[in-house]
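Text of coords30.cif, listed as mmCIF, C-alpha atoms:
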```
data_work
#
loop_
_atom_site.label_atom_id
_atom_site.label_comp_id
_atom_site.auth_asym_id
_atom_site.auth_seq_id
_atom_site.Cartn_x
_atom_site.Cartn_y
_atom_site.Cartn_z
CA MET A 1 -27.67 -10.00 0.25
CA THR A 2 -25.67 -12.62 2.04
CA VAL A 3 -22.31 -13.68 0.79
CA ALA A 4 -21.20 -17.12 1.84
CA MET A 5 -17.47 -17.49 2.40
CA ILE A 6 -16.00 -20.82 1.46
CA LYS A 7 -12.48 -21.93 2.13
CA THR A 8 -11.03 -23.83 -0.79
CA THR A 9 -7.81 -24.44 -2.64
CA TYR A 10 -6.78 -22.68 -5.81
CA ARG A 11 -6.93 -26.04 -7.62
CA GLU A 12 -10.50 -26.71 -6.51
CA ALA A 13 -11.60 -23.18 -7.35
CA MET A 14 -10.18 -23.56 -10.86
CA ARG A 15 -11.89 -26.92 -11.30
CA ALA A 16 -15.21 -25.49 -10.10
CA ALA A 17 -14.88 -22.63 -12.60
CA LEU A 18 -14.15 -25.05 -15.46
CA ARG A 19 -17.07 -27.28 -14.48
CA GLU A 20 -19.40 -24.29 -14.29
CA ALA A 21 -18.36 -23.12 -17.76
CA LEU A 22 -18.76 -26.63 -19.20
CA GLN A 23 -22.19 -27.05 -17.65
CA ARG A 24 -23.49 -23.67 -18.68
CA ASP A 25 -22.60 -23.76 -22.35
CA PRO A 26 -22.43 -26.89 -24.53
CA ARG A 27 -20.03 -25.09 -26.89
CA VAL A 28 -17.37 -25.01 -24.18
CA PHE A 29 -14.72 -27.73 -24.29
CA LEU A 30 -11.30 -28.19 -22.72
CA MET A 31 -8.22 -29.37 -24.55
CA GLY A 32 -4.55 -29.61 -23.84
CA GLU A 33 -1.73 -31.91 -22.85
CA ASP A 34 -2.85 -34.48 -20.28
CA VAL A 35 -6.03 -32.62 -19.31
CA GLY A 36 -8.09 -35.83 -19.58
CA ARG A 37 -6.83 -39.19 -18.35
CA TYR A 38 -3.96 -37.78 -16.34
CA GLY A 39 -6.11 -35.14 -14.68
CA GLY A 40 -4.37 -32.01 -15.94
CA SER A 41 -1.54 -29.81 -14.78
CA TYR A 42 -1.65 -29.68 -10.95
CA ALA A 43 -4.66 -32.06 -11.21
CA VAL A 44 -6.96 -29.13 -11.93
CA SER A 45 -9.11 -31.07 -14.42
CA MET A 46 -9.13 -34.34 -12.46
CA GLY A 47 -12.48 -36.11 -12.91
CA LEU A 48 -13.78 -33.85 -15.67
CA LEU A 49 -13.21 -36.50 -18.36
CA ALA A 50 -15.52 -38.97 -16.58
CA GLU A 51 -18.07 -36.20 -16.04
CA PHE A 52 -18.12 -34.63 -19.51
CA GLY A 53 -16.72 -37.30 -21.86
CA GLU A 54 -14.00 -37.44 -24.51
CA GLU A 55 -15.64 -34.98 -26.87
CA ARG A 56 -15.40 -32.16 -24.36
CA ILE A 57 -12.25 -33.05 -22.42
CA ARG A 58 -9.66 -33.69 -25.09
CA ASP A 59 -6.09 -34.86 -24.63
CA THR A 60 -3.74 -33.43 -27.24
CA PRO A 61 -0.23 -34.33 -28.45
CA LEU A 62 2.75 -32.32 -27.20
CA SER A 63 2.29 -29.60 -29.79
CA GLU A 64 1.42 -26.20 -28.29
CA SER A 65 1.39 -24.38 -31.60
CA ALA A 66 -0.92 -26.97 -33.18
CA PHE A 67 -3.51 -27.23 -30.43
CA VAL A 68 -3.61 -23.50 -29.64
CA GLY A 69 -4.12 -23.02 -33.39
CA ALA A 70 -6.88 -25.65 -33.35
CA GLY A 71 -8.50 -23.75 -30.48
CA ILE A 72 -8.44 -20.54 -32.53
CA GLY A 73 -10.04 -22.40 -35.42
CA ALA A 74 -12.73 -23.87 -33.15
CA ALA A 75 -13.48 -20.41 -31.73
CA LEU A 76 -13.79 -19.02 -35.27
CA ALA A 77 -16.21 -21.85 -36.06
CA GLY A 78 -18.49 -20.96 -33.16
CA MET A 79 -17.16 -23.03 -30.27
CA ARG A 80 -15.95 -21.72 -26.89
CA PRO A 81 -12.67 -23.55 -26.37
CA ILE A 82 -10.57 -23.52 -23.23
CA VAL A 83 -7.04 -24.41 -24.25
CA GLU A 84 -4.66 -25.40 -21.51
CA VAL A 85 -0.95 -24.82 -21.95
CA MET A 86 0.63 -27.01 -19.34
CA THR A 87 2.89 -24.36 -17.84
CA VAL A 88 3.05 -20.70 -18.74
CA ASN A 89 6.55 -20.78 -20.22
CA PHE A 90 5.36 -23.16 -22.96
CA SER A 91 3.11 -20.42 -24.29
CA LEU A 92 6.06 -19.08 -26.27
CA LEU A 93 5.96 -22.26 -28.36
CA ALA A 94 2.53 -21.09 -29.48
CA LEU A 95 3.68 -17.49 -29.82
CA ASP A 96 2.87 -17.27 -33.51
CA GLN A 97 -0.71 -18.52 -33.03
CA ILE A 98 -1.35 -16.32 -29.99
CA LEU A 99 0.11 -13.09 -31.36
CA ASN A 100 -0.46 -13.35 -35.08
CA ASN A 101 -3.83 -15.10 -35.06
CA ALA A 102 -5.69 -14.99 -31.75
CA ALA A 103 -4.75 -11.41 -30.97
CA THR A 104 -5.13 -9.98 -34.47
CA ILE A 105 -7.86 -11.73 -36.45
CA ARG A 106 -10.59 -9.48 -35.10
CA HIS A 107 -8.63 -6.42 -36.18
CA MET A 108 -7.56 -7.96 -39.51
CA SER A 109 -11.14 -8.86 -40.38
CA GLY A 110 -12.43 -5.41 -39.58
CA GLY A 111 -14.34 -6.79 -36.59
CA GLN A 112 -16.12 -9.54 -38.53
CA PHE A 113 -14.50 -12.44 -36.67
CA SER A 114 -13.99 -12.60 -32.93
CA ILE A 115 -11.94 -15.25 -31.15
CA PRO A 116 -13.80 -16.21 -27.93
CA LEU A 117 -10.92 -18.30 -26.64
CA VAL A 118 -9.53 -18.93 -23.17
CA ILE A 119 -5.91 -19.98 -22.97
CA ARG A 120 -5.27 -21.26 -19.47
CA MET A 121 -1.63 -21.30 -18.43
CA ALA A 122 -0.53 -22.61 -15.10
CA THR A 123 2.53 -21.48 -13.27
CA GLY A 124 4.06 -22.38 -9.97
CA GLY A 125 5.10 -20.32 -7.03
CA GLY A 126 8.07 -18.89 -8.86
CA ARG A 127 10.65 -21.32 -7.56
CA GLN A 128 10.57 -23.75 -10.45
CA LEU A 129 9.41 -24.12 -14.05
CA ALA A 130 11.24 -21.02 -15.14
CA ALA A 131 12.90 -21.24 -18.53
CA GLN A 132 12.13 -24.68 -19.92
CA ALA A 133 11.14 -23.61 -23.39
CA ALA A 134 14.01 -22.21 -25.39
CA LYS A 135 12.90 -18.59 -25.41
CA ALA A 136 10.95 -18.41 -22.17
CA GLY A 137 11.81 -15.75 -19.64
CA ALA A 138 11.40 -16.46 -15.95
CA PRO A 139 7.85 -15.85 -14.73
CA PRO A 140 7.61 -12.98 -12.28
CA LYS A 141 8.06 -14.14 -8.72
CA PRO A 142 6.04 -13.02 -5.73
CA GLY A 143 8.22 -10.53 -3.92
CA ASP A 144 9.85 -9.31 -7.11
CA TRP A 145 8.33 -5.85 -6.70
CA GLN A 146 10.19 -5.55 -3.42
CA SER A 147 13.56 -6.19 -4.96
CA GLN A 148 12.63 -3.88 -7.85
CA MET A 149 11.69 -1.18 -5.36
CA ARG A 150 14.88 -1.72 -3.39
CA LYS A 151 16.85 -1.24 -6.61
CA ALA A 152 14.92 1.92 -7.47
CA ILE A 153 15.50 3.38 -4.01
CA ALA A 154 19.17 2.43 -4.16
CA ALA A 155 19.62 4.10 -7.56
CA ALA A 156 17.88 7.31 -6.50
CA MET A 157 19.70 7.55 -3.17
CA ALA A 158 23.10 6.77 -4.68
CA LYS A 159 22.53 9.55 -7.19
CA SER A 160 21.46 11.85 -4.38
CA LYS A 161 24.52 11.14 -2.25
CA ARG A 162 26.83 11.41 -5.27
CA GLU A 163 25.45 14.61 -6.76
CA ILE A 164 23.64 16.66 -4.13
CA PRO A 165 25.74 18.72 -1.71
CA HIS A 166 23.50 18.25 1.31
CA TYR A 167 23.47 20.47 4.34
CA TYR A 168 21.55 19.60 7.49
CA LEU A 169 19.78 21.74 10.08
CA GLY A 170 17.68 20.71 13.04
CA THR A 171 15.58 22.36 15.70
CA GLU A 172 13.31 21.38 18.55
CA ILE A 173 9.72 22.52 18.18
CA GLU A 174 7.37 22.73 21.10
CA MET A 175 4.13 20.92 20.26
CA THR A 176 2.08 21.48 23.42
CA ARG A 177 -0.28 24.04 21.92
CA ALA A 178 -0.62 22.25 18.60
CA LEU A 179 -1.40 18.90 20.23
CA ALA A 180 -3.79 20.39 22.78
CA TRP A 181 -5.65 22.09 19.96
CA LEU A 182 -5.76 18.89 17.93
CA GLU A 183 -6.94 16.82 20.89
CA ARG A 184 -9.73 19.31 21.49
CA GLU A 185 -10.71 19.19 17.82
CA ASN A 186 -10.72 15.41 17.82
CA THR A 187 -13.01 15.10 20.84
CA GLN A 188 -15.63 16.93 18.78
CA ARG A 189 -15.26 14.64 15.79
CA PRO A 190 -16.59 11.17 15.11
CA VAL A 191 -13.79 8.62 15.19
CA THR A 192 -13.89 8.29 11.40
CA ALA A 193 -13.03 11.99 11.05
CA ARG A 194 -10.24 12.15 13.62
CA MET A 195 -7.09 13.85 12.43
CA LEU A 196 -3.52 12.72 12.92
CA TYR A 197 -0.95 15.30 13.98
CA ALA A 198 0.87 14.66 10.70
CA VAL A 199 -1.63 16.96 8.97
CA LEU A 200 -0.50 19.86 11.17
CA LEU A 201 3.08 19.18 10.12
CA ILE A 202 2.13 19.00 6.43
CA LYS A 203 0.24 22.29 6.57
CA ALA A 204 2.96 24.10 8.52
CA VAL A 205 5.65 22.88 6.12
CA ALA A 206 3.58 23.87 3.09
CA LEU A 207 2.93 27.38 4.40
CA ALA A 208 6.58 27.84 5.43
CA LEU A 209 7.63 26.93 1.88
CA ARG A 210 5.75 29.98 0.61
CA GLU A 211 8.21 32.04 2.63
CA VAL A 212 11.30 30.14 1.47
CA PRO A 213 10.36 29.02 -2.03
CA GLU A 214 13.87 27.95 -3.04
CA LEU A 215 13.37 24.75 -1.04
CA ASN A 216 10.32 23.84 -3.10
CA GLY A 217 11.13 22.56 -6.57
CA PHE A 218 13.70 20.73 -8.63
CA TRP A 219 17.35 20.87 -9.65
CA ILE A 220 17.31 20.07 -13.37
CA ASP A 221 20.10 20.53 -15.91
CA GLY A 222 22.22 22.64 -13.64
CA ALA A 223 19.51 25.09 -12.58
CA PHE A 224 16.76 25.42 -10.00
CA GLN A 225 13.21 25.17 -11.25
CA PRO A 226 10.58 26.32 -8.76
CA GLY A 227 7.76 23.82 -8.16
CA PRO A 228 4.53 24.50 -10.06
CA GLY A 229 2.74 24.35 -6.69
CA ILE A 230 3.49 23.12 -3.21
CA HIS A 231 3.09 19.37 -3.60
CA VAL A 232 4.28 17.65 -0.45
CA GLY A 233 5.53 14.10 -0.96
CA MET A 234 4.59 12.08 2.11
CA ALA A 235 7.01 9.26 2.77
CA VAL A 236 4.86 6.20 3.47
CA ALA A 237 6.37 2.88 4.49
CA MET A 238 5.09 -0.22 2.78
CA ARG A 239 4.38 -3.46 4.59
CA GLY A 240 7.29 -5.80 4.13
CA GLY A 241 9.79 -3.04 3.34
CA GLY A 242 10.30 -0.22 0.91
CA LEU A 243 8.71 3.18 0.83
CA VAL A 244 7.11 5.62 -1.54
CA ALA A 245 6.48 9.34 -1.23
CA PRO A 246 3.44 10.26 -3.32
CA ALA A 247 2.22 13.85 -3.54
CA ILE A 248 -0.37 15.68 -1.54
CA HIS A 249 -1.09 18.38 -4.10
CA ASP A 250 -1.33 22.09 -3.23
CA ALA A 251 -0.97 21.34 0.46
CA ASP A 252 -0.62 25.04 1.30
CA ARG A 253 -4.11 25.72 -0.02
CA LYS A 254 -5.92 22.84 1.66
CA SER A 255 -7.72 22.77 4.99
CA LEU A 256 -6.57 20.32 7.65
CA VAL A 257 -9.70 18.27 7.02
CA GLN A 258 -8.89 18.05 3.32
CA LEU A 259 -5.29 17.16 4.12
CA MET A 260 -6.46 14.35 6.40
CA ASP A 261 -8.73 13.03 3.65
CA ASP A 262 -5.82 13.16 1.19
CA LEU A 263 -3.44 11.50 3.63
CA ARG A 264 -5.91 8.71 4.43
CA ASP A 265 -6.52 8.13 0.74
CA LEU A 266 -2.80 8.07 -0.08
CA ILE A 267 -1.77 5.71 2.71
CA THR A 268 -4.66 3.38 1.94
CA ARG A 269 -3.71 3.27 -1.72
CA VAL A 270 0.01 2.87 -1.01
CA ARG A 271 -0.74 -0.16 1.13
CA SER A 272 -3.11 -1.66 -1.40
CA GLY A 273 -0.79 -0.92 -4.33
CA ARG A 274 -3.07 1.44 -6.22
CA LEU A 275 -1.04 4.58 -6.76
CA LYS A 276 -0.95 6.51 -9.98
CA SER A 277 2.50 7.07 -11.40
CA SER A 278 1.90 10.84 -11.68
CA GLU A 279 1.52 11.00 -7.89
CA MET A 280 5.05 9.65 -7.57
CA ALA A 281 6.57 12.22 -9.91
CA ASP A 282 4.71 15.30 -8.67
CA PRO A 283 6.18 16.06 -5.22
CA THR A 284 8.19 19.27 -4.98
CA ILE A 285 9.55 18.39 -1.52
CA THR A 286 9.46 15.30 0.71
CA LEU A 287 8.22 15.10 4.27
CA THR A 288 9.05 12.11 6.42
CA SER A 289 7.68 11.58 9.89
CA LEU A 290 9.38 8.65 11.59
CA GLY A 291 8.05 9.45 15.04
CA ASP A 292 5.98 6.29 15.29
CA LEU A 293 9.19 4.30 15.42
CA GLY A 294 10.50 6.26 18.36
CA VAL A 295 13.45 7.93 16.67
CA GLU A 296 14.50 11.36 17.81
CA THR A 297 15.91 12.88 14.63
CA VAL A 298 15.70 12.25 10.90
CA TYR A 299 18.85 12.78 8.82
CA GLY A 300 17.27 12.94 5.41
CA VAL A 301 18.55 12.01 1.99
CA ILE A 302 17.02 14.25 -0.67
CA TYR A 303 15.02 12.53 -3.39
CA PRO A 304 16.36 13.93 -6.67
CA PRO A 305 15.52 16.07 -8.52
CA GLN A 306 13.92 17.61 -5.40
CA VAL A 307 16.09 19.98 -3.40
CA ALA A 308 14.95 19.44 0.17
CA LEU A 309 13.57 16.93 2.62
CA ILE A 310 12.05 17.75 5.98
CA GLY A 311 11.96 15.16 8.71
CA PHE A 312 10.16 14.88 12.03
CA GLY A 313 11.06 12.50 14.83
CA ARG A 314 9.10 11.36 17.84
CA ILE A 315 6.98 13.71 19.91
CA SER A 316 8.11 13.26 23.49
CA GLU A 317 7.94 15.01 26.82
CA ARG A 318 11.06 17.07 27.37
CA ALA A 319 12.45 19.37 29.99
CA TRP A 320 11.82 22.81 28.54
CA VAL A 321 13.33 25.98 29.94
CA GLU A 322 11.18 29.06 29.61
CA ASN A 323 11.79 32.34 31.41
CA GLY A 324 14.30 30.63 33.65
CA VAL A 325 11.86 27.92 34.73
CA VAL A 326 12.07 24.27 33.75
CA ALA A 327 8.76 22.86 32.56
CA CYS A 328 7.67 19.58 31.03
CA ARG A 329 6.60 20.08 27.44
CA ARG A 330 5.84 17.89 24.47
CA ALA A 331 8.27 18.61 21.64
CA VAL A 332 9.48 17.23 18.33
CA THR A 333 12.80 17.55 16.52
CA ALA A 334 12.38 18.91 13.00
CA SER A 335 15.28 18.54 10.60
CA LEU A 336 15.99 19.82 7.15
CA ALA A 337 18.22 18.26 4.53
CA ALA A 338 18.65 20.73 1.70
CA ASP A 339 20.60 21.15 -1.51
CA HIS A 340 23.40 23.71 -1.22
CA ARG A 341 23.17 24.43 -4.93
CA THR A 342 19.81 26.15 -4.40
CA SER A 343 19.85 27.44 -0.85
CA ASP A 344 22.13 27.96 2.10
CA GLY A 345 21.93 27.49 5.83
CA HIS A 346 20.55 30.94 6.47
CA ARG A 347 17.51 30.38 4.26
CA GLY A 348 17.11 26.86 5.63
CA ALA A 349 17.09 28.26 9.15
CA LEU A 350 14.42 30.78 8.20
CA PHE A 351 12.34 27.90 6.87
CA LEU A 352 12.58 25.88 10.09
CA ALA A 353 11.82 29.00 12.12
CA ALA A 354 8.70 29.55 10.02
CA VAL A 355 7.59 25.94 10.57
CA ASN A 356 8.08 26.45 14.30
CA ARG A 357 6.15 29.73 14.32
CA LEU A 358 3.24 28.24 12.36
CA LEU A 359 2.95 25.26 14.69
CA GLN A 360 2.57 27.62 17.67
CA GLU A 361 -0.67 28.93 16.21
CA PRO A 362 -2.51 25.74 15.29
CA GLU A 363 -5.90 27.45 14.98
CA GLN A 364 -4.43 29.48 12.09
CA LEU A 365 -3.50 26.32 10.22
CA GLN A 366 -7.09 25.16 9.65
CA MET B 1 -28.80 -7.42 21.91
CA THR B 2 -26.60 -10.46 22.07
CA ALA B 3 -23.98 -10.33 24.76
CA ARG B 4 -20.43 -10.59 23.53
CA THR B 5 -18.15 -12.78 25.51
CA ARG B 6 -14.61 -11.88 26.35
CA GLU B 7 -13.50 -14.51 23.83
CA ASP B 8 -15.65 -12.91 21.09
CA ILE B 9 -14.05 -9.56 21.72
CA ARG B 10 -10.58 -11.01 21.83
CA ALA B 11 -11.17 -12.76 18.48
CA LEU B 12 -12.53 -9.53 17.03
CA VAL B 13 -9.46 -7.55 18.16
CA ILE B 14 -7.16 -10.16 16.61
CA ASP B 15 -9.18 -10.21 13.35
CA THR B 16 -8.97 -6.43 13.18
CA LEU B 17 -5.22 -6.37 13.72
CA ALA B 18 -4.66 -9.29 11.36
CA ALA B 19 -6.46 -7.40 8.59
CA ILE B 20 -3.99 -4.54 9.08
CA ALA B 21 -0.83 -6.59 9.64
CA PRO B 22 -1.40 -9.84 7.75
CA GLU B 23 2.23 -10.90 8.16
CA VAL B 24 1.89 -11.37 11.92
CA ASP B 25 1.19 -14.73 13.55
CA PHE B 26 -1.05 -13.69 16.41
CA ALA B 27 -0.54 -16.99 18.19
CA THR B 28 2.95 -15.73 19.05
CA ILE B 29 1.88 -12.36 20.44
CA ALA B 30 2.62 -11.85 24.12
CA PRO B 31 -0.72 -10.49 25.39
CA ALA B 32 0.72 -8.39 28.21
CA LYS B 33 3.52 -6.77 26.21
CA PRO B 34 3.05 -3.59 24.19
CA LEU B 35 1.59 -4.39 20.77
CA ARG B 36 3.64 -1.72 19.07
CA GLU B 37 6.81 -3.63 20.01
CA GLN B 38 5.45 -6.79 18.40
CA VAL B 39 3.41 -5.61 15.45
CA ASP B 40 4.57 -3.10 12.85
CA ILE B 41 1.70 -0.60 13.04
CA ASP B 42 1.91 3.16 12.77
CA SER B 43 -0.46 5.86 13.96
CA PHE B 44 -2.50 5.56 10.77
CA ASP B 45 -2.91 1.78 11.21
CA PHE B 46 -3.84 2.35 14.84
CA LEU B 47 -6.51 4.89 13.94
CA ASN B 48 -7.93 2.44 11.40
CA ALA B 49 -8.04 -0.28 14.04
CA VAL B 50 -9.92 2.04 16.40
CA ILE B 51 -12.37 2.92 13.61
CA ARG B 52 -13.03 -0.74 12.82
CA LEU B 53 -13.51 -1.69 16.47
CA HIS B 54 -15.88 1.23 16.85
CA GLU B 55 -17.86 0.09 13.81
CA LYS B 56 -18.03 -3.53 14.89
CA LEU B 57 -18.77 -3.00 18.58
CA GLY B 58 -20.57 0.32 18.51
CA VAL B 59 -18.50 1.68 21.39
CA ASP B 60 -16.88 5.08 21.46
CA ILE B 61 -13.09 5.04 21.94
CA PRO B 62 -11.92 8.56 22.76
CA GLU B 63 -8.31 9.51 22.05
CA ALA B 64 -7.74 10.04 25.74
CA ASP B 65 -8.23 6.29 26.24
CA TYR B 66 -5.66 5.21 23.64
CA GLY B 67 -3.16 4.51 26.42
CA GLN B 68 -5.37 1.66 27.63
CA LEU B 69 -5.06 -0.03 24.23
CA ALA B 70 -1.31 -0.57 24.42
CA THR B 71 -1.39 -4.34 24.90
CA LEU B 72 -3.67 -7.08 23.60
CA ASP B 73 -4.93 -7.87 27.12
CA GLY B 74 -5.41 -4.19 27.89
CA THR B 75 -7.40 -3.68 24.69
CA VAL B 76 -9.65 -6.66 25.42
CA ASP B 77 -10.19 -5.54 29.05
CA TYR B 78 -11.03 -2.04 27.90
CA LEU B 79 -13.51 -3.16 25.25
CA VAL B 80 -15.19 -5.69 27.56
CA LYS B 81 -15.75 -2.90 30.07
CA LYS B 82 -16.98 -0.53 27.35
CA CYS B 83 -19.36 -3.10 25.86
CA SER B 84 -20.92 -3.99 29.18
CA SER B 85 -21.50 -0.34 30.11
CA ALA B 86 -22.90 0.45 26.65
CA VAL B 87 -25.83 -2.02 26.98
#
```

Starting from the file, give its structure as structure tokens.
Amino acid sequence: MTVAMIKTTYREAMRAALREALQRDPRVFLMGEDVGRYGGSYAVSMGLLAEFGEERIRDTPLSESAFVGAGIGAALAGMRPIVEVMTVNFSLLALDQILNNAATIRHMSGGQFSIPLVIRMATGGGRQLAAQAAKAGAPPKPGDWQSQMRKAIAAAMAKSKREIPHYYLGTEIEMTRALAWLERENTQRPVTARMLYAVLLIKAVALALREVPELNGFWIDGAFQPGPGIHVGMAVAMRGGGLVAPAIHDADRKSLVQLMDDLRDLITRVRSGRLKSSEMADPTITLTSLGDLGVETVYGVIYPPQVALIGFGRISERAWVENGVVACRRAVTASLAADHRTSDGHRGALFLAAVNRLLQEPEQLQ
Amino acid sequence: MTARTREDIRALVIDTLAAIAPEVDFATIAPAKPLREQVDIDSFDFLNAVIRLHEKLGVDIPEADYGQLATLDGTVDYLVKKCSSAV
């Protein structure tokens, strides 16, 4: 099958769709304010009057409730009306018809009458045409989700800083063996199955949490509740700002290959906006790896009601002293931000030591 | 097999990156400067770019060669060389 790509405007695409519907089915007609002689809102129906005639392209008075109601009646009588409400905020003037008739007649008639009706409502780019009708709310603007997300992050982080007595620990972890092992693994894999070093970090963190379980879970109503599993929330940045940390479930029980599949799936869905809300609520700890940006150390803010966040900075070559000899080694700084209400520095240190130990035996992490 | 010109490959690299970072105007990219300083891509985006280039050009891009893909010019040079030796 070949798919031809055409470049067009939204206006022209809408007009083509209307024309197609009008041509295909003689029961289809268009009505609304100025859809005929004037050419319609944003000139979408320009030319259709000449093409299809007055019977099928009908100008109506300024009376949203009346002509939406007439459209409902026409649909009940067997027509296929397309009713245009000039801008979306005017739809509230026809609220009674839309909610109490169009949306309910099928249900009220026990399924005997359907309303095959299209109500087309135009809106602009969000910078105008907001609240012209008395009760209209502003239409959602592109970019609104970003300010919503910023507010959500701000609320959660303010709560965290206000309520959680954080303590911070950090340690340098030598990554030479882990990276050499991973590079060897990756040369044997097709490019589509290559693993990122982040999966080693996820697995090591998940296994270390088995040893220090008081970092894995929630602080709720003045008490620690252990997590129902080890669900690692991976902090993933979104294009254009904001971040989310959806769960990789049961990370301690998954192979590196499974973790890579999960990670790929999560990041892809984060960036295409297709996350399930349960994935956002499930994590029992958060892991953030900011190494791609070149930072050395993460000073984490815990995401409540979680009780810990582990951060990894950039992997870089460092002067490493071993047995009195300076060598060049690749290393990463791991840091822990943890809640003093559930653990203390000693347990936190044991956790980081376990992460370090696990990363020195990468073949055991598989 | 149709030979790909340097311009074809350059356009393909830009298309691939544009699909990942749609906010970037690639006309403003300095071709000899590191891409990571000019385009907000992380290791996951980079791996995806390598996968797509592999799929479109049929060349193998081992991890050990990633260093040669640091700039736009470097990436194009590398792929031109790879494509000509693959035929």

>> Distance cut-off 7 Å, counting all atoms listed in the file - which residues of chain B neighbour chain A? Return them as a PyMOL selection string.
In response: chain B and resi 42-43+51+62

>> Excluding B:Glu23 and its own-chain neighbours fewer than 2 positions away, which residues fall within 12 Å of it when counting only C-alpha atoms? Please give them as a count of residues only.
In response: 15

Go ahead and fit an axis-aligned box to every listed atom of stretch 57-70 of chain B plus 3 Å each side, and pass me the centre and edge lengths in Å, one decimal, as lines of an AutoDock Vina configuration file.
```
center_x = -10.9
center_y = 3.5
center_z = 23.1
size_x = 25.3
size_y = 19.0
size_z = 15.1
```

> What does the distance between atom CA of A:Ala17 and atom CA of A:Met121 come to in Å, to one decimal place?
Replying inline: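 One can read the atom CA of A:Ala17 to atom CA of A:Met121 distance as 14.5 Å.
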
> Any idea what the distance is between atom CA of A:Ala122 and atom CA of A:Gly40?
Replying inline: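 Atom CA of A:Ala122 sits 10.2 Å away from atom CA of A:Gly40.
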
Output of the PyMOL selection byres ((chain A and resi 246) around 6), listed as an mmCIF file with C-alpha atoms, in the coordinates of the input:
```
data_model
loop_
_atom_site.group_PDB
_atom_site.id
_atom_site.type_symbol
_atom_site.label_atom_id
_atom_site.label_comp_id
_atom_site.auth_asym_id
_atom_site.auth_seq_id
_atom_site.Cartn_x
_atom_site.Cartn_y
_atom_site.Cartn_z
ATOM 1 C CA GLY A 233 5.530 14.100 -0.960
ATOM 2 C CA MET A 234 4.590 12.080 2.110
ATOM 3 C CA ALA A 245 6.480 9.340 -1.230
ATOM 4 C CA ALA A 247 2.220 13.850 -3.540
ATOM 5 C CA GLU A 279 1.520 11.000 -7.890
ATOM 6 C CA MET A 280 5.050 9.650 -7.570
#
```

>> For a test of reading the model, state the distance in Å between atom CA of A:Glu172 and atom CA of A:Asp282, rounded to one decimal.
In response: 29.2 Å

Evaluate the PyMOL selection byres ((chain B and resi 12) around 12) and report residues as a short mmCIF file (atom, residue, chain, number, x, y, z; two decimals) with C-alpha atoms, keeping the file's coordinate frame:
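result_23.cif was written with the following content:
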```
data_model
loop_
_atom_site.label_atom_id
_atom_site.label_comp_id
_atom_site.auth_asym_id
_atom_site.auth_seq_id
_atom_site.Cartn_x
_atom_site.Cartn_y
_atom_site.Cartn_z
CA ARG B 4 -20.43 -10.59 23.53
CA THR B 5 -18.15 -12.78 25.51
CA ARG B 6 -14.61 -11.88 26.35
CA GLU B 7 -13.50 -14.51 23.83
CA ASP B 8 -15.65 -12.91 21.09
CA ILE B 9 -14.05 -9.56 21.72
CA ARG B 10 -10.58 -11.01 21.83
CA ALA B 11 -11.17 -12.76 18.48
CA VAL B 13 -9.46 -7.55 18.16
CA ILE B 14 -7.16 -10.16 16.61
CA ASP B 15 -9.18 -10.21 13.35
CA THR B 16 -8.97 -6.43 13.18
CA LEU B 17 -5.22 -6.37 13.72
CA ALA B 18 -4.66 -9.29 11.36
CA ALA B 19 -6.46 -7.40 8.59
CA ALA B 49 -8.04 -0.28 14.04
CA VAL B 50 -9.92 2.04 16.40
CA ARG B 52 -13.03 -0.74 12.82
CA LEU B 53 -13.51 -1.69 16.47
CA HIS B 54 -15.88 1.23 16.85
CA GLU B 55 -17.86 0.09 13.81
CA LYS B 56 -18.03 -3.53 14.89
CA LEU B 57 -18.77 -3.00 18.58
CA LEU B 72 -3.67 -7.08 23.60
CA THR B 75 -7.40 -3.68 24.69
CA VAL B 76 -9.65 -6.66 25.42
CA LEU B 79 -13.51 -3.16 25.25
CA VAL B 80 -15.19 -5.69 27.56
#
```

>> Please return as a ChimeraX atom specification every residue within 12 Å of (0.5, -3.6, 25.9), taking into account only C-alpha atoms and the file's own coordinates.
In response: /B:29-39,66-78

>> Translate the PyMOL selection byres ((chain A and resi 174) around 9) into a concrete residue list for this structure, as number ranges by chain.
In response: A: 172-173, 175-178, 320, 329-333, 356, 359-360

>> Env of A:Asp344: 10 Å cut, atoms = all atoms listed in the file, seq-sep filter 5 positions within chain, self excluded. Answer as an MDAnalysis selection string.
In response: chainID A and resid 166:168 214:215 338:339 349

>> Is it possible to get the residues within 8 Å of (-9.5, 25.6, 15.8) (coordinates as in the file, counting only C-alpha atoms) written as an MDAnalysis selection string?
In response: chainID A and resid 181:182 185 362:364 366

Keeping only C-alpha atoms, write the selected residues to a file as an mmCIF file, keeping the file's coordinate frame.
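Output below, filename out.cif:
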```cif
data_model
loop_
_atom_site.group_PDB
_atom_site.id
_atom_site.type_symbol
_atom_site.label_atom_id
_atom_site.label_comp_id
_atom_site.auth_asym_id
_atom_site.auth_seq_id
_atom_site.Cartn_x
_atom_site.Cartn_y
_atom_site.Cartn_z
ATOM 1 C CA TRP A 181 -5.650 22.090 19.960
ATOM 2 C CA LEU A 182 -5.760 18.890 17.930
ATOM 3 C CA GLU A 185 -10.710 19.190 17.820
ATOM 4 C CA PRO A 362 -2.510 25.740 15.290
ATOM 5 C CA GLU A 363 -5.900 27.450 14.980
ATOM 6 C CA GLN A 364 -4.430 29.480 12.090
ATOM 7 C CA GLN A 366 -7.090 25.160 9.650
#
```

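The smallest atom-to-atom distance between A:Val212 and any of A:Pro304, A:Pro165, A:Gly345, A:Gly53, using only C-alpha atoms, is found for A:Gly345.
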